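Colleague: File follows, my_file14.cif with mmCIF, C-alpha atoms:
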data_work
loop_
_atom_site.label_atom_id
_atom_site.label_comp_id
_atom_site.auth_asym_id
_atom_site.auth_seq_id
_atom_site.Cartn_x
_atom_site.Cartn_y
_atom_site.Cartn_z
CA MET A 1 20.37 -160.02 16.24
CA ASN A 2 23.78 -159.97 14.52
CA GLN A 3 26.27 -157.13 14.93
CA LYS A 4 25.56 -155.57 11.54
CA GLU A 5 21.90 -155.21 12.34
CA ASN A 6 22.85 -154.01 15.79
CA PHE A 7 24.96 -151.25 14.21
CA LEU A 8 22.50 -150.26 11.49
CA LYS A 9 19.41 -150.02 13.66
CA GLY A 10 20.59 -146.67 15.03
CA PHE A 11 20.41 -145.04 11.62
CA PHE A 12 16.88 -145.84 10.61
CA LYS A 13 14.80 -148.39 12.44
CA GLU A 14 15.58 -147.07 15.91
CA ASN A 15 17.02 -143.66 15.06
CA ALA A 16 17.09 -141.67 18.28
CA VAL A 17 15.73 -138.47 16.75
CA PHE A 18 13.46 -139.58 13.92
CA THR A 19 11.94 -142.70 15.45
CA LEU A 20 12.42 -142.73 19.21
CA LEU A 21 12.09 -138.93 19.55
CA LEU A 22 14.72 -138.94 22.30
CA GLY A 23 17.22 -136.20 23.06
CA MET A 24 15.07 -133.40 21.70
CA CYS A 25 16.76 -130.67 23.74
CA PRO A 26 20.16 -130.75 21.97
CA THR A 27 18.41 -131.67 18.73
CA LEU A 28 16.38 -128.49 18.65
CA GLY A 29 18.95 -126.33 20.41
CA VAL A 30 22.19 -126.79 18.51
CA THR A 31 21.08 -127.52 14.96
CA SER A 32 21.07 -123.93 13.75
CA SER A 33 23.87 -124.91 11.38
CA ALA A 34 25.11 -128.17 9.88
CA ILE A 35 28.54 -127.98 11.47
CA ASN A 36 27.05 -127.47 14.94
CA GLY A 37 24.79 -130.48 14.44
CA LEU A 38 27.70 -132.63 13.31
CA GLY A 39 29.92 -131.51 16.19
CA MET A 40 27.22 -132.16 18.76
CA GLY A 41 26.42 -135.52 17.16
CA LEU A 42 30.04 -136.66 17.25
CA ALA A 43 30.53 -135.48 20.83
CA THR A 44 27.43 -137.43 21.84
CA THR A 45 28.67 -140.46 19.90
CA PHE A 46 31.93 -140.43 21.82
CA VAL A 47 30.13 -140.24 25.15
CA LEU A 48 27.66 -142.96 24.10
CA VAL A 49 30.35 -145.40 22.99
CA MET A 50 32.55 -144.87 26.03
CA SER A 51 29.73 -144.97 28.58
CA ASN A 52 28.17 -148.04 26.91
CA ILE A 53 31.48 -149.91 27.11
CA VAL A 54 32.12 -148.97 30.72
CA VAL A 55 28.54 -149.62 31.83
CA SER A 56 28.52 -153.07 30.28
CA LEU A 57 31.91 -153.84 31.89
CA VAL A 58 30.80 -152.92 35.39
CA LYS A 59 27.14 -153.94 35.10
CA ASP A 60 27.51 -156.99 37.38
CA MET A 61 29.36 -155.06 40.05
CA ILE A 62 26.67 -152.45 40.47
CA PRO A 63 23.75 -153.32 42.76
CA ASP A 64 20.42 -152.80 40.97
CA LYS A 65 19.12 -150.18 43.35
CA VAL A 66 21.95 -147.73 42.72
CA ARG A 67 22.44 -148.37 39.01
CA ILE A 68 20.98 -145.07 37.80
CA PRO A 69 23.26 -142.84 39.94
CA ALA A 70 26.20 -145.04 38.99
CA PHE A 71 25.41 -144.70 35.27
CA ILE A 72 24.98 -140.95 35.58
CA VAL A 73 28.37 -140.57 37.27
CA ILE A 74 30.00 -142.58 34.47
CA ILE A 75 28.24 -140.57 31.76
CA ALA A 76 28.94 -137.22 33.43
CA SER A 77 32.63 -138.07 33.71
CA PHE A 78 32.89 -138.75 29.99
CA VAL A 79 30.98 -135.58 29.18
CA THR A 80 33.43 -133.55 31.25
CA VAL A 81 36.32 -135.28 29.48
CA VAL A 82 34.82 -134.30 26.11
CA GLU A 83 34.28 -130.75 27.33
CA LEU A 84 37.88 -130.36 28.48
CA LEU A 85 39.32 -131.96 25.34
CA MET A 86 37.19 -129.81 23.07
CA GLN A 87 38.11 -126.66 24.95
CA ALA A 88 41.78 -127.54 24.60
CA TYR A 89 41.97 -128.73 21.01
CA LEU A 90 38.85 -127.43 19.21
CA PRO A 91 38.26 -124.03 20.83
CA SER A 92 36.19 -122.63 17.97
CA LEU A 93 33.76 -125.55 17.98
CA PHE A 94 33.61 -125.37 21.76
CA GLU A 95 32.56 -121.76 21.50
CA SER A 96 29.52 -122.49 19.37
CA LEU A 97 28.54 -125.66 21.27
CA GLY A 98 29.87 -124.72 24.70
CA LEU A 99 26.54 -124.28 26.37
CA PHE A 100 25.18 -127.59 25.13
CA ILE A 101 28.09 -129.91 25.88
CA PRO A 102 27.28 -130.29 29.61
CA LEU A 103 23.72 -131.06 28.54
CA ILE A 104 24.87 -134.33 26.96
CA VAL A 105 24.68 -135.68 30.52
CA VAL A 106 20.93 -135.31 30.54
CA ASN A 107 20.49 -136.43 26.95
CA CYS A 108 18.12 -139.33 27.44
CA VAL A 109 19.65 -141.19 24.49
CA VAL A 110 22.82 -141.78 26.49
CA LEU A 111 21.17 -142.91 29.72
CA GLY A 112 18.54 -144.76 27.70
CA ARG A 113 21.15 -146.88 25.92
CA ALA A 114 23.05 -147.51 29.15
CA GLU A 115 19.87 -148.70 30.83
CA ALA A 116 18.17 -150.50 27.96
CA PHE A 117 21.14 -152.03 26.17
CA ALA A 118 24.54 -151.81 27.81
CA SER A 119 23.37 -153.09 31.20
CA LYS A 120 22.09 -156.27 29.54
CA ASN A 121 24.71 -156.97 26.86
CA ASN A 122 28.44 -157.65 26.52
CA PRO A 123 30.97 -154.83 25.93
CA LEU A 124 31.41 -155.52 22.20
CA SER A 125 27.70 -155.37 21.35
CA SER A 126 27.35 -152.37 23.62
CA MET A 127 30.14 -150.56 21.83
CA ILE A 128 28.59 -151.30 18.45
CA ASP A 129 25.19 -150.25 19.73
CA GLY A 130 26.65 -146.99 21.03
CA LEU A 131 28.47 -146.37 17.76
CA GLY A 132 25.36 -147.02 15.64
CA MET A 133 23.06 -145.03 17.86
CA GLY A 134 25.55 -142.18 18.16
CA LEU A 135 26.26 -141.94 14.44
CA GLY A 136 22.54 -142.17 13.72
CA PHE A 137 22.03 -139.29 16.13
CA ALA A 138 24.86 -137.34 14.47
CA MET A 139 23.34 -138.03 11.05
CA ALA A 140 19.93 -136.79 12.17
CA LEU A 141 21.42 -133.65 13.73
CA THR A 142 23.50 -132.93 10.63
CA MET A 143 20.49 -133.36 8.36
CA LEU A 144 18.36 -131.08 10.50
CA GLY A 145 21.20 -128.57 10.77
CA SER A 146 21.71 -128.56 6.99
CA VAL A 147 18.01 -128.01 6.30
CA ARG A 148 17.80 -125.18 8.80
CA GLU A 149 21.02 -123.53 7.68
CA PHE A 150 20.00 -123.83 4.02
CA LEU A 151 16.49 -122.42 4.46
CA GLY A 152 17.49 -119.89 7.08
CA SER A 153 20.68 -118.37 5.74
CA GLY A 154 21.18 -119.93 2.31
CA LYS A 155 24.29 -121.87 3.28
CA ILE A 156 25.25 -125.47 3.90
CA PHE A 157 28.42 -126.06 5.95
CA ASP A 158 29.14 -122.33 5.44
CA MET A 159 29.11 -122.69 1.64
CA VAL A 160 26.85 -120.05 0.13
CA VAL A 161 24.01 -121.47 -1.96
CA PHE A 162 21.95 -118.31 -2.26
CA PRO A 163 22.37 -114.82 -0.77
CA GLU A 164 21.59 -114.57 2.91
CA GLN A 165 18.95 -111.85 2.66
CA TYR A 166 16.56 -114.27 0.92
CA GLY A 167 16.80 -116.74 3.79
CA MET A 168 13.84 -117.40 6.02
CA LEU A 169 15.19 -116.33 9.38
CA VAL A 170 12.60 -118.33 11.28
CA PHE A 171 14.45 -121.55 10.43
CA VAL A 172 17.53 -120.43 12.32
CA LEU A 173 15.41 -119.68 15.38
CA ALA A 174 13.73 -122.18 17.69
CA PRO A 175 10.30 -122.34 15.96
CA GLY A 176 12.04 -123.25 12.70
CA ALA A 177 13.67 -126.17 14.46
CA PHE A 178 10.25 -127.62 15.29
CA ILE A 179 8.94 -127.04 11.78
CA ALA A 180 11.98 -128.53 10.06
CA LEU A 181 12.07 -131.50 12.46
CA ALA A 182 8.38 -132.23 11.91
CA TYR A 183 8.77 -132.31 8.13
CA LEU A 184 11.91 -134.45 8.33
CA ILE A 185 10.14 -136.96 10.60
CA ALA A 186 7.16 -137.06 8.25
CA ILE A 187 9.38 -137.72 5.23
CA ILE A 188 11.41 -140.41 7.01
CA ASP A 189 8.24 -142.06 8.26
CA LYS A 190 6.89 -142.17 4.74
CA LEU A 191 10.16 -143.65 3.46
CA LYS A 192 10.13 -146.30 6.17
CA LYS A 193 6.63 -147.42 5.22
CA ALA A 194 7.36 -147.46 1.51
CA MET B 1 29.63 -163.31 37.35
CA ALA B 2 26.62 -163.11 39.63
CA LYS B 3 24.82 -159.86 40.04
CA THR B 4 25.88 -157.99 43.18
CA GLU B 5 23.15 -157.97 45.82
CA SER B 6 21.49 -154.66 46.70
CA ASN B 7 22.47 -154.44 50.35
CA LEU B 8 23.73 -151.30 52.00
CA ILE B 9 27.44 -152.16 52.04
CA ASN B 10 27.47 -153.19 48.38
CA MET B 11 25.62 -150.07 47.30
CA VAL B 12 27.88 -147.73 49.26
CA LEU B 13 30.99 -149.52 48.07
CA ALA B 14 29.92 -149.57 44.41
CA LEU B 15 29.13 -145.86 44.37
CA LEU B 16 32.28 -145.03 46.30
CA ILE B 17 34.51 -146.91 43.87
CA ILE B 18 32.80 -145.44 40.83
CA THR B 19 33.00 -141.87 42.08
CA LEU B 20 36.63 -142.36 43.14
CA VAL B 21 37.64 -143.68 39.73
CA ALA B 22 35.64 -140.96 37.98
CA GLY B 23 37.19 -138.26 40.14
CA GLY B 24 40.69 -139.58 39.55
CA THR B 25 40.18 -139.78 35.79
CA LEU B 26 38.79 -136.27 35.62
CA GLY B 27 41.69 -134.92 37.62
CA MET B 28 44.10 -136.50 35.18
CA VAL B 29 42.31 -135.18 32.11
CA TYR B 30 42.13 -131.74 33.69
CA LYS B 31 45.88 -131.75 34.28
CA VAL B 32 46.62 -132.85 30.72
CA THR B 33 44.31 -130.29 29.12
CA LYS B 34 45.05 -127.40 31.45
CA GLU B 35 47.94 -126.06 29.41
CA PRO B 36 46.40 -126.38 25.93
CA ILE B 37 43.25 -124.66 27.21
CA ALA B 38 45.27 -121.78 28.63
CA THR B 39 47.27 -121.54 25.40
CA ALA B 40 44.12 -121.55 23.28
CA LYS B 41 42.59 -118.79 25.39
CA LEU B 42 45.75 -116.71 25.24
CA ALA B 43 46.04 -117.17 21.47
CA LYS B 44 42.46 -116.05 21.07
CA GLN B 45 43.07 -113.01 23.24
CA LYS B 46 46.18 -112.14 21.28
CA ALA B 47 44.38 -112.53 17.94
CA ALA B 48 41.61 -110.27 19.23
CA ILE B 49 44.10 -107.61 20.32
CA GLU B 50 45.87 -107.77 16.96
CA SER B 51 42.61 -107.35 15.09
CA VAL B 52 41.48 -104.30 17.06
CA VAL B 53 44.78 -102.41 17.29
CA PRO B 54 46.95 -103.50 14.37
CA GLY B 55 50.62 -102.73 13.95
CA PHE B 56 52.06 -102.88 17.47
CA ASP B 57 55.42 -104.48 18.23
CA ASN B 58 55.36 -104.84 22.01
CA ASN B 59 53.73 -107.62 23.98
CA PRO B 60 50.46 -106.08 25.26
CA THR B 61 49.68 -109.01 27.57
CA ASP B 62 52.86 -108.24 29.55
CA GLU B 63 51.88 -104.62 30.19
CA THR B 64 48.26 -105.23 30.93
CA TYR B 65 46.51 -103.45 33.80
CA GLU B 66 42.97 -103.37 35.11
CA LEU B 67 40.45 -100.55 35.37
CA THR B 68 37.14 -100.56 37.18
CA SER B 69 34.22 -99.18 35.23
CA ALA B 70 31.45 -97.06 36.74
CA GLU B 71 29.28 -100.20 36.67
CA GLY B 72 31.84 -102.07 38.75
CA TYR B 73 33.17 -104.29 35.96
CA GLN B 74 36.87 -105.13 35.97
CA LEU B 75 38.13 -104.26 32.49
CA GLU B 76 41.49 -105.46 31.27
CA VAL B 77 43.49 -102.91 29.30
CA PHE B 78 46.24 -103.96 26.89
CA PRO B 79 48.47 -101.06 25.81
CA CYS B 80 49.68 -101.52 22.23
CA LYS B 81 52.91 -99.70 21.42
CA LYS B 82 55.14 -99.36 18.42
CA GLY B 83 58.56 -98.53 19.75
CA SER B 84 57.74 -96.14 22.58
CA GLU B 85 54.74 -94.56 20.84
CA LEU B 86 51.32 -95.64 22.13
CA LEU B 87 49.24 -96.71 19.13
CA GLY B 88 46.19 -97.39 21.20
CA VAL B 89 44.77 -99.70 23.77
CA ALA B 90 42.75 -102.87 23.49
CA ILE B 91 40.15 -103.05 26.25
CA SER B 92 38.16 -106.13 27.04
CA SER B 93 34.78 -104.66 27.84
CA LYS B 94 31.45 -106.21 28.63
CA THR B 95 27.82 -105.47 29.28
CA MET B 96 24.99 -107.39 30.87
CA LYS B 97 22.35 -105.67 28.75
CA GLY B 98 22.39 -108.16 25.89
CA PHE B 99 19.22 -109.87 24.71
CA SER B 100 20.41 -113.04 26.44
CA GLY B 101 22.76 -111.66 29.06
CA GLU B 102 26.41 -110.96 28.84
CA ILE B 103 28.28 -109.69 25.79
CA LYS B 104 32.07 -109.46 25.87
CA LEU B 105 33.98 -107.31 23.40
CA MET B 106 37.57 -106.41 22.73
CA VAL B 107 37.56 -102.73 21.84
CA GLY B 108 40.53 -100.97 20.28
CA LEU B 109 40.75 -97.27 21.16
CA LYS B 110 43.23 -94.64 20.03
CA PRO B 111 44.85 -92.66 22.86
CA ASP B 112 42.26 -89.91 22.23
CA GLY B 113 39.42 -92.40 22.63
CA SER B 114 38.23 -92.86 19.06
CA ILE B 115 37.43 -96.39 18.01
CA ILE B 116 39.97 -98.25 15.88
CA ASN B 117 38.17 -101.60 15.69
CA TYR B 118 36.41 -104.14 17.85
CA SER B 119 36.05 -107.87 18.12
CA VAL B 120 33.21 -109.81 19.74
CA LEU B 121 34.68 -112.26 22.24
CA GLU B 122 31.59 -113.88 23.74
CA HIS B 123 27.87 -113.48 23.35
CA LYS B 124 24.67 -115.48 23.61
CA GLU B 125 22.56 -113.36 21.25
CA THR B 126 20.03 -114.86 18.87
CA PRO B 127 21.75 -116.61 15.94
CA GLY B 128 21.06 -114.79 12.70
CA LEU B 129 19.95 -111.58 14.44
CA GLY B 130 22.02 -110.23 17.32
CA SER B 131 24.89 -112.53 16.40
CA LYS B 132 25.61 -110.30 13.37
CA MET B 133 27.40 -107.82 15.67
CA GLN B 134 30.84 -108.86 14.44
CA GLU B 135 30.12 -107.93 10.80
CA TRP B 136 27.49 -105.23 11.17
CA PHE B 137 29.23 -102.44 13.05
CA ASN B 138 32.45 -102.40 11.03
CA SER B 139 30.91 -102.28 7.56
CA THR B 140 32.98 -100.11 5.25
CA GLU B 141 30.18 -99.87 2.68
CA LYS B 142 27.54 -98.53 5.04
CA PRO B 143 29.08 -95.81 7.24
CA SER B 144 25.74 -95.19 8.93
CA GLN B 145 25.95 -98.52 10.75
CA SER B 146 29.69 -98.52 11.38
CA VAL B 147 31.34 -97.45 14.63
CA LEU B 148 34.89 -97.42 13.28
CA GLY B 149 36.66 -94.10 13.59
CA LYS B 150 33.88 -92.66 15.71
CA ASN B 151 34.65 -91.11 19.06
CA PRO B 152 32.11 -91.85 21.80
CA GLY B 153 33.00 -88.47 23.34
CA ALA B 154 32.10 -86.48 20.22
CA ASP B 155 29.64 -88.72 18.38
CA ASN B 156 26.34 -89.86 19.79
CA LEU B 157 26.99 -93.55 20.11
CA THR B 158 23.43 -94.81 20.45
CA VAL B 159 21.16 -96.44 17.91
CA SER B 160 19.31 -94.18 15.48
CA LYS B 161 15.99 -95.25 17.04
CA ASP B 162 17.17 -93.54 20.26
CA GLY B 163 18.37 -90.48 18.35
CA GLY B 164 21.95 -91.68 17.94
CA ASP B 165 24.37 -91.93 15.04
CA VAL B 166 24.47 -95.69 14.53
CA ASP B 167 21.98 -97.82 12.64
CA ALA B 168 20.93 -100.82 14.71
CA ILE B 169 21.03 -104.35 13.36
CA THR B 170 17.75 -105.10 11.63
CA ALA B 171 15.40 -106.80 14.10
CA ALA B 172 18.01 -106.77 16.87
CA THR B 173 17.77 -103.34 18.48
CA ILE B 174 18.34 -104.66 21.99
CA SER B 175 21.54 -106.45 20.99
CA SER B 176 22.68 -103.31 19.18
CA ARG B 177 22.03 -101.12 22.22
CA ALA B 178 23.95 -103.58 24.38
CA PHE B 179 26.84 -103.63 21.92
CA LEU B 180 27.09 -99.83 21.93
CA ASP B 181 26.77 -99.89 25.71
CA ALA B 182 29.82 -102.15 25.99
CA ILE B 183 31.80 -99.82 23.71
CA THR B 184 30.75 -96.77 25.68
CA ILE B 185 31.75 -98.48 28.93
CA ALA B 186 35.21 -99.14 27.49
CA TYR B 187 35.54 -95.51 26.37
CA ASN B 188 34.28 -93.97 29.62
CA THR B 189 36.47 -96.17 31.77
CA TYR B 190 39.56 -95.54 29.69
CA THR B 191 39.20 -91.79 29.37
CA LYS B 192 38.04 -91.17 32.94
CA GLU B 193 40.45 -93.33 34.84
CA GLY B 194 43.33 -94.26 32.60
CA GLY B 195 43.66 -91.66 29.92
CA GLN B 196 46.86 -91.54 27.93
CA LYS B 197 48.68 -94.40 29.59
#
Rewrite the structure of this file - the entire thing - as structure tokens.

Modeller:
Amino acid sequence: MNQKENFLKGFFKENAVFTLLLGMCPTLGVTSSAINGLGMGLATTFVLVMSNIVVSLVKDMIPDKVRIPAFIVIIASFVTVVELLMQAYLPSLFESLGLFIPLIVVNCVVLGRAEAFASKNNPLSSMIDGLGMGLGFAMALTMLGSVREFLGSGKIFDMVVFPEQYGMLVFVLAPGAFIALAYLIAIIDKLKKA
Amino acid sequence: MAKTESNLINMVLALLIITLVAGGTLGMVYKVTKEPIATAKLAKQKAAIESVVPGFDNNPTDETYELTSAEGYQLEVFPCKKGSELLGVAISSKTMKGFSGEIKLMVGLKPDGSIINYSVLEHKETPGLGSKMQEWFNSTEKPSQSVLGKNPGADNLTVSKDGGDVDAITAATISSRAFLDAITIAYNTYTKEGGQK
């Protein structure tokens, strides 16, 4: 597999949300608006890239039996770094995502890539894998966030498309997340087969 | 490089090194971000004070003092003065009665206790319903849902469903009750314990 394929697989063929159905908790939780989805996606991308690089650098040093705790410590450290940086330099985004940032630790996409890819490949491929997977995740979250924000409150990225009182509130709430996600997956599945 | 064997010493050593490095890195990042985080919080607090009691020229954060509410909450009070005249106080109030727990407000009160303005600092209410607090209760077009200018001592500051003077947010009565509760706590604490300070 060349690096271009390695990068692109995260967007479509192995998209974490639409194909692998991994990381559903942040996916359903934070995507009440497009900007939240994008912010969460980018934060996850950062953690994915950094943890993939580090894991693939230290993979030979870590005995097999303790690899999972070791990976989790690495991932959790980067998540805390993101949390602190966001709190310091992007306080308004931190406010809307605050609760979900620590949950990146348990996002199975991150541990899944560390285990399935980074622990078997060199740092460069791992970085590209993390970047592709992360951006694919961010893309999926932004799409879902846009759909929900548009249907729920008539806005996309806070730009008014139609007045808020005609919005279907259910899409901003949790059940709407499931409905919107299901339709998006169905559409993407159809496109993939076409 | 050969894979490290899974014996006890290797496992302990590997985890020890990783946690040490992780701990060290986090300590460093914490140190670097400590100041910007404090500054960001302070700036937010200051912006909230300015929005609830406009027009002061002192530095309210320097003259702040604390009051204990009847519920046992520690409320911070920021006196806002123009010259030597007290324009009002900004009180950071909170309630635990929200739909999803805690709601924190900055409430601006005149020295007589009537509400100048408020600002929602923190909440976990449902997006699209209870989260409308910030816009709903200071509407200038619909006085029946606004709390501005009302005095919790004279007006009945409960939702109209409970016989009060304020229309609750549509489909978010619990959040509305909690919001009014936080305002009432600020008023009661200020008038009972602090008064005209």

Colleague: For a test of reading the model, state the distance in Å between CA of Ala43 in chain A and CA of Leu103 in chain A, rounded to one decimal.

Modeller: 11.2 Å

Colleague: As a list in words, please: the residues near range 45-58 of chain B (cut-off 8 Å, all atoms listed in the file, same-chain neighbours under 2 positions excluded).

Modeller: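 Skipping anything fewer than 2 positions along the chain leaves Lys41, Leu42, Ala43, Pro60, Thr61, Phe78, Cys80, Lys81, Lys82, Gly83, Leu87, Gly88, Val89, Ala90, Met106, Val107, Gly108, Leu109, Ile116, Asn117, Tyr118, Ser119 and Leu121 of chain B.
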
Colleague: For Phe137 in chain B, which residue out of B:Asp167, B:Asp155, B:Asp112, B:Glu66 is the nearest one, using all atoms listed in the file?

Modeller: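 Closest to Phe137 in chain B, using all atoms listed in the file: B:Asp167.
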
Colleague: For chain A, which residues have at least one atom within 10 Å of chain B, if we go by all atoms listed in the file? Write them as a PyMOL selection string, please.

Modeller: chain A and resi 32-33+58-67+69-71+73-78+80-82+84-92+95-96+99+152-153+164+169-174

Colleague: Pull out every residue that the PyMOL selection byres ((chain B and resi 125) around 12) matches in the shown coordinates and put them as number ranges by chain.

Modeller: A: 96, 173; B: 96-104, 120, 122-124, 126-134, 172-176, 178-179

Colleague: I'd like the interatomic distance between CA of Ile9 in chain B and CA of Ala118 in chain A, to a tenth of an Å.

Modeller: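 These atoms are spaced 24.4 Å apart.
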
Colleague: Would you work out the distance separating CA of Gln3 in chain A from CA of Leu124 in chain A, expressed in Å to one decimal?

Modeller: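 Pair CA of Gln3 in chain A / CA of Leu124 in chain A returns 9.0 Å.
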
Colleague: Skipping near chain neighbours, those fewer than 5 positions away, what residues fall within 10 Å of Gly153 in chain B using all atoms listed in the file, listed as an MDAnalysis selection string?

Modeller: chainID B and resid 112:114 184 187:188 191

Colleague: Tell me, as JSON, numbers by chain, which residues lie within 9 Å of Gly29 in chain A, counting all atoms listed in the file; anything in the same chain fewer than 5 positions away does not count.

Modeller: {"A": [24, 100, 174, 177]}

Colleague: Set the distance at 12 Å and use all atoms listed in the file: which residues neighbour Phe46 in chain A once local chain neighbours fewer than 4 positions away are removed? I'd like the list as a PDB file with C-alpha atoms, in the coordinates of the input.

Modeller:
ATOM      1  CA  GLY A  39      29.920-131.510  16.190  1.00  0.00           C
ATOM      2  CA  MET A  40      27.220-132.160  18.760  1.00  0.00           C
ATOM      3  CA  GLY A  41      26.420-135.520  17.160  1.00  0.00           C
ATOM      4  CA  LEU A  42      30.040-136.660  17.250  1.00  0.00           C
ATOM      5  CA  MET A  50      32.550-144.870  26.030  1.00  0.00           C
ATOM      6  CA  SER A  51      29.730-144.970  28.580  1.00  0.00           C
ATOM      7  CA  ASN A  52      28.170-148.040  26.910  1.00  0.00           C
ATOM      8  CA  ILE A  53      31.480-149.910  27.110  1.00  0.00           C
ATOM      9  CA  ILE A  75      28.240-140.570  31.760  1.00  0.00           C
ATOM     10  CA  PHE A  78      32.890-138.750  29.990  1.00  0.00           C
ATOM     11  CA  VAL A  79      30.980-135.580  29.180  1.00  0.00           C
ATOM     12  CA  THR A  80      33.430-133.550  31.250  1.00  0.00           C
ATOM     13  CA  VAL A  81      36.320-135.280  29.480  1.00  0.00           C
ATOM     14  CA  VAL A  82      34.820-134.300  26.110  1.00  0.00           C
ATOM     15  CA  GLU A  83      34.280-130.750  27.330  1.00  0.00           C
ATOM     16  CA  LEU A  85      39.320-131.960  25.340  1.00  0.00           C
ATOM     17  CA  MET A  86      37.190-129.810  23.070  1.00  0.00           C
ATOM     18  CA  ILE A 101      28.090-129.910  25.880  1.00  0.00           C
ATOM     19  CA  ILE A 104      24.870-134.330  26.960  1.00  0.00           C
ATOM     20  CA  VAL A 110      22.820-141.780  26.490  1.00  0.00           C
ATOM     21  CA  MET A 127      30.140-150.560  21.830  1.00  0.00           C
ATOM     22  CA  ILE A 128      28.590-151.300  18.450  1.00  0.00           C
ATOM     23  CA  GLY A 130      26.650-146.990  21.030  1.00  0.00           C
ATOM     24  CA  LEU A 131      28.470-146.370  17.760  1.00  0.00           C
ATOM     25  CA  GLY A 132      25.360-147.020  15.640  1.00  0.00           C
ATOM     26  CA  MET A 133      23.060-145.030  17.860  1.00  0.00           C
ATOM     27  CA  GLY A 134      25.550-142.180  18.160  1.00  0.00           C
ATOM     28  CA  LEU A 135      26.260-141.940  14.440  1.00  0.00           C
ATOM     29  CA  PHE A 137      22.030-139.290  16.130  1.00  0.00           C
ATOM     30  CA  ALA A 138      24.860-137.340  14.470  1.00  0.00           C
TER      31      ALA A 138
END

Colleague: Extract, using only C-alpha atoms, all DNA, RNA and protein residues at most 7 Å from Ala140 in chain A, discarding same-chain residues fewer than 4 positions from it, and format them as a PDB file with C-alpha atoms, in the coordinates of the input.

Modeller:
ATOM      1  CA  VAL A  17      15.730-138.470  16.750  1.00  0.00           C
ATOM      2  CA  GLY A 136      22.540-142.170  13.720  1.00  0.00           C
ATOM      3  CA  LEU A 144      18.360-131.080  10.500  1.00  0.00           C
TER       4      LEU A 144
END

Colleague: Calculated over all atoms listed in the file, which of the candidates B:Ala154, B:Leu20, B:Ala70, B:Leu148 has the smallest distance to Thr189 in chain B?

Modeller: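 Ranking B:Ala154, B:Leu20, B:Ala70, B:Leu148 by distance to Thr189 in chain B, first place goes to B:Ala70.
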
Colleague: Hey, which of A:Thr19, A:Ser56, A:Asn6, A:Thr31 ends up closest to Leu141 in chain A? Count all atoms listed in the file.

Modeller: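 Of A:Thr19, A:Ser56, A:Asn6, A:Thr31, the one nearest Leu141 in chain A, counting all atoms listed in the file, is A:Thr31.
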
Colleague: Starting from the PyMOL selection byres ((chain B and resi 143-146) around 12), expand the selection into actual residues of this file and give them as a CSV table (one decimal) with C-alpha atoms, keeping the file's coordinate frame.

Modeller:
chain,number,residue,atom,x,y,z
B,115,ILE,CA,37.4,-96.4,18.0
B,116,ILE,CA,40.0,-98.2,15.9
B,117,ASN,CA,38.2,-101.6,15.7
B,118,TYR,CA,36.4,-104.1,17.8
B,133,MET,CA,27.4,-107.8,15.7
B,134,GLN,CA,30.8,-108.9,14.4
B,135,GLU,CA,30.1,-107.9,10.8
B,136,TRP,CA,27.5,-105.2,11.2
B,137,PHE,CA,29.2,-102.4,13.0
B,138,ASN,CA,32.4,-102.4,11.0
B,139,SER,CA,30.9,-102.3,7.6
B,140,THR,CA,33.0,-100.1,5.2
B,141,GLU,CA,30.2,-99.9,2.7
B,142,LYS,CA,27.5,-98.5,5.0
B,147,VAL,CA,31.3,-97.4,14.6
B,148,LEU,CA,34.9,-97.4,13.3
B,149,GLY,CA,36.7,-94.1,13.6
B,150,LYS,CA,33.9,-92.7,15.7
B,151,ASN,CA,34.6,-91.1,19.1
B,157,LEU,CA,27.0,-93.6,20.1
B,158,THR,CA,23.4,-94.8,20.4
B,159,VAL,CA,21.2,-96.4,17.9
B,160,SER,CA,19.3,-94.2,15.5
B,164,GLY,CA,22.0,-91.7,17.9
B,165,ASP,CA,24.4,-91.9,15.0
B,166,VAL,CA,24.5,-95.7,14.5
B,167,ASP,CA,22.0,-97.8,12.6
B,168,ALA,CA,20.9,-100.8,14.7
B,169,ILE,CA,21.0,-104.4,13.4
B,170,THR,CA,17.8,-105.1,11.6
B,176,SER,CA,22.7,-103.3,19.2
B,180,LEU,CA,27.1,-99.8,21.9
